[in-house]
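Structure record follows, encoded as structure tokens.
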Amino acid sequence: MQATAVRDAIFGGVYAACRSAGGAIGSDGRAPRGSLPLDLAAASAATVLSSPVNYARNMSFHSPAGEAAPGIGHSLRHLWRDAQKQRLAHGARAAAGYLQLRLGLGWGTARVGLGMSLGQQMYDAAMRIG
């Protein structure tokens with residue numbers, strides 16, 4: 001499950017880096033103040049930036065029984081080639097739409113962003129109480 005570990009590392013790194021850069025993490029590692037918009041943006045950015053590896057992970061589960069699962073690089077090269085074909089045939093907007101569809105960016109991204117940000121707000125509030 002190499003792709004799962006890579007996806008989770010990207011997600012966690014982007015989420016923590018965005019929150020830290022936005023001032024949501026104090027020098028003592030605790031949240032000095034709650035910021036729902038910052039947490040929403042951080043979680044959404046983490047979801048978008050980890051989505052290519054999540055796509056590769058899904059492609060490994062999609063491979064037929066008895067065949068070797070494609071690696072991350074192979075899946076992403078195939079995705080890129082298909083997006084380029086879309087761009088050449090139908091233009092850049094079609095290629096962007098193709099990538100959005102294949103990477104699963106949409107309502108699920110908003111759901112993850114909102115869920116993570118609300119969960120972070122509850123965690124930060126509990127840490128300030130305790």
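Naming works like this for the structure tokens: A, B, ... for the chains as they're shown, residue 1 at the start of each chain, ligands 1 onward in shown order.
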
Write out as a ChimeraX atom specification each polymer residue whose atoms come within 8 Å of Ala42 in chain A, counting only C-alpha atoms; drop sequence neighbours fewer than 5 positions from it.
-> /A:14-16,18-19,113

Store the residues picked out above in a file with N, CA, C and O atoms, as a CSV table (one decimal), in the first residue's frame.
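Saved to again.csv:
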chain,number,residue,atom,x,y,z
A,14,VAL,N,0.6,18.8,3.6
A,14,VAL,CA,0.0,20.0,3.1
A,14,VAL,C,-1.0,20.7,4.1
A,14,VAL,O,-1.0,21.9,4.3
A,15,TYR,N,-1.8,19.8,4.8
A,15,TYR,CA,-2.7,20.4,5.8
A,15,TYR,C,-2.0,21.1,6.9
A,15,TYR,O,-2.3,22.2,7.2
A,16,ALA,N,-1.0,20.4,7.4
A,16,ALA,CA,-0.2,21.0,8.5
A,16,ALA,C,0.6,22.3,8.1
A,16,ALA,O,0.6,23.3,8.8
A,18,CYS,N,-0.2,24.3,5.6
A,18,CYS,CA,-1.1,25.4,5.4
A,18,CYS,C,-1.6,26.0,6.7
A,18,CYS,O,-1.7,27.3,6.8
A,19,ARG,N,-1.9,25.2,7.6
A,19,ARG,CA,-2.3,25.7,8.9
A,19,ARG,C,-1.2,26.5,9.6
A,19,ARG,O,-1.5,27.5,10.2
A,113,GLY,N,-13.2,19.0,3.1
A,113,GLY,CA,-12.7,20.3,3.6
A,113,GLY,C,-13.6,20.7,4.8
A,113,GLY,O,-13.0,21.1,5.8

Non-local contacts of range 116-121 of chain A (10 Å; only C-alpha atoms; under 4 positions in same chain excluded) as a count of residues only | 20

Between A:Ala3, A:Ala46, A:Ser20, A:Gly12, which has the minimum distance to Met59 in chain A (counting only C-alpha atoms)?
->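 Closest candidate: A:Ala3.
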
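Distances from A:Gly23, A:Ile10, A:Ser60, A:Leu103 to Trp80 in chain A were compared using only C-alpha atoms, and the smallest one belongs to A:Leu103.
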
When you draw a straight line from CA of Gly73 in chain A to CA of Gly106 in chain A, how long is it in Å?
->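 Rounded to one decimal, the two atoms are 23.8 Å apart.
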
Shell of 8 Å around Thr109 in chain A, only C-alpha atoms, local chain residues under 5 positions omitted, as a VMD selection string = chain A and resid 44 47 to 48 104

Apply DSSP to the structure's backbone, then extract all residues of range 9-120 of chain A labelled alpha helix (DSSP H) and return them as an NGL selection string.
-> :A and (9-21 or 36-62 or 72-90 or 92-103 or 107-120)

Point out the residue among A:Pro64, A:Gly91, A:Pro52, A:Gly97 with the least atom-to-atom distance to Thr4 in chain A, counting only C-alpha atoms.
->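 Closest to Thr4 in chain A, using only C-alpha atoms: A:Pro52.
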
So how far away is CA of Ala83 in chain A from CA of Tyr98 in chain A, in Å?
->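 Those two atoms sit 6.5 Å apart.
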
Near Ala56 in chain A, counting only C-alpha atoms, which residues have an atom at most 12 Å away, once you skip same-chain residues fewer than 3 positions from it, shown as an MDAnalysis selection string?
-> chainID A and resid 1:4 6:7 50:53 59:63 69:80 102:104

Dump of C-alpha atoms for the selected residues, as a PDB file, in the first residue's frame:
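Contents of part_6.pdb, as written:
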ATOM      1  CA  MET A   1       0.000   0.000   0.000  1.00  0.00           C
ATOM      2  CA  GLN A   2       2.714   2.430  -1.015  1.00  0.00           C
ATOM      3  CA  ALA A   3       0.194   4.760  -2.684  1.00  0.00           C
ATOM      4  CA  THR A   4      -1.871   4.984   0.509  1.00  0.00           C
ATOM      5  CA  VAL A   6       2.244   8.574  -0.054  1.00  0.00           C
ATOM      6  CA  ARG A   7      -1.283  10.005  -0.341  1.00  0.00           C
ATOM      7  CA  SER A  50      -3.176  14.473  -2.752  1.00  0.00           C
ATOM      8  CA  SER A  51      -5.847  13.537  -5.323  1.00  0.00           C
ATOM      9  CA  PRO A  52      -3.418  12.397  -8.067  1.00  0.00           C
ATOM     10  CA  VAL A  53      -1.930   9.812  -5.718  1.00  0.00           C
ATOM     11  CA  MET A  59      -6.223   2.360 -10.265  1.00  0.00           C
ATOM     12  CA  SER A  60      -4.207  -0.257  -8.371  1.00  0.00           C
ATOM     13  CA  PHE A  61      -7.456  -1.588  -6.863  1.00  0.00           C
ATOM     14  CA  HIS A  62      -9.080  -1.557 -10.312  1.00  0.00           C
ATOM     15  CA  SER A  63      -6.509  -3.886 -11.895  1.00  0.00           C
ATOM     16  CA  ALA A  69      -1.210  -3.507 -10.133  1.00  0.00           C
ATOM     17  CA  PRO A  70       0.147  -0.414 -11.910  1.00  0.00           C
ATOM     18  CA  GLY A  71       2.478   1.768  -9.892  1.00  0.00           C
ATOM     19  CA  ILE A  72       1.915   5.412  -9.017  1.00  0.00           C
ATOM     20  CA  GLY A  73       4.109   6.669 -11.863  1.00  0.00           C
ATOM     21  CA  HIS A  74       2.470   4.437 -14.465  1.00  0.00           C
ATOM     22  CA  SER A  75      -1.047   5.500 -13.438  1.00  0.00           C
ATOM     23  CA  LEU A  76      -0.163   9.194 -13.430  1.00  0.00           C
ATOM     24  CA  ARG A  77       1.593   9.009 -16.812  1.00  0.00           C
ATOM     25  CA  HIS A  78      -1.486   7.310 -18.266  1.00  0.00           C
ATOM     26  CA  LEU A  79      -3.748   9.985 -16.751  1.00  0.00           C
ATOM     27  CA  TRP A  80      -1.510  12.749 -18.173  1.00  0.00           C
ATOM     28  CA  ARG A 102     -10.863  11.580 -13.043  1.00  0.00           C
ATOM     29  CA  LEU A 103      -9.348  13.026  -9.858  1.00  0.00           C
ATOM     30  CA  GLY A 104     -12.746  13.211  -8.174  1.00  0.00           C
TER      31      GLY A 104
END

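Going from CA of Gln84 in chain A to CA of Gln100 in chain A covers 13.7 Å.
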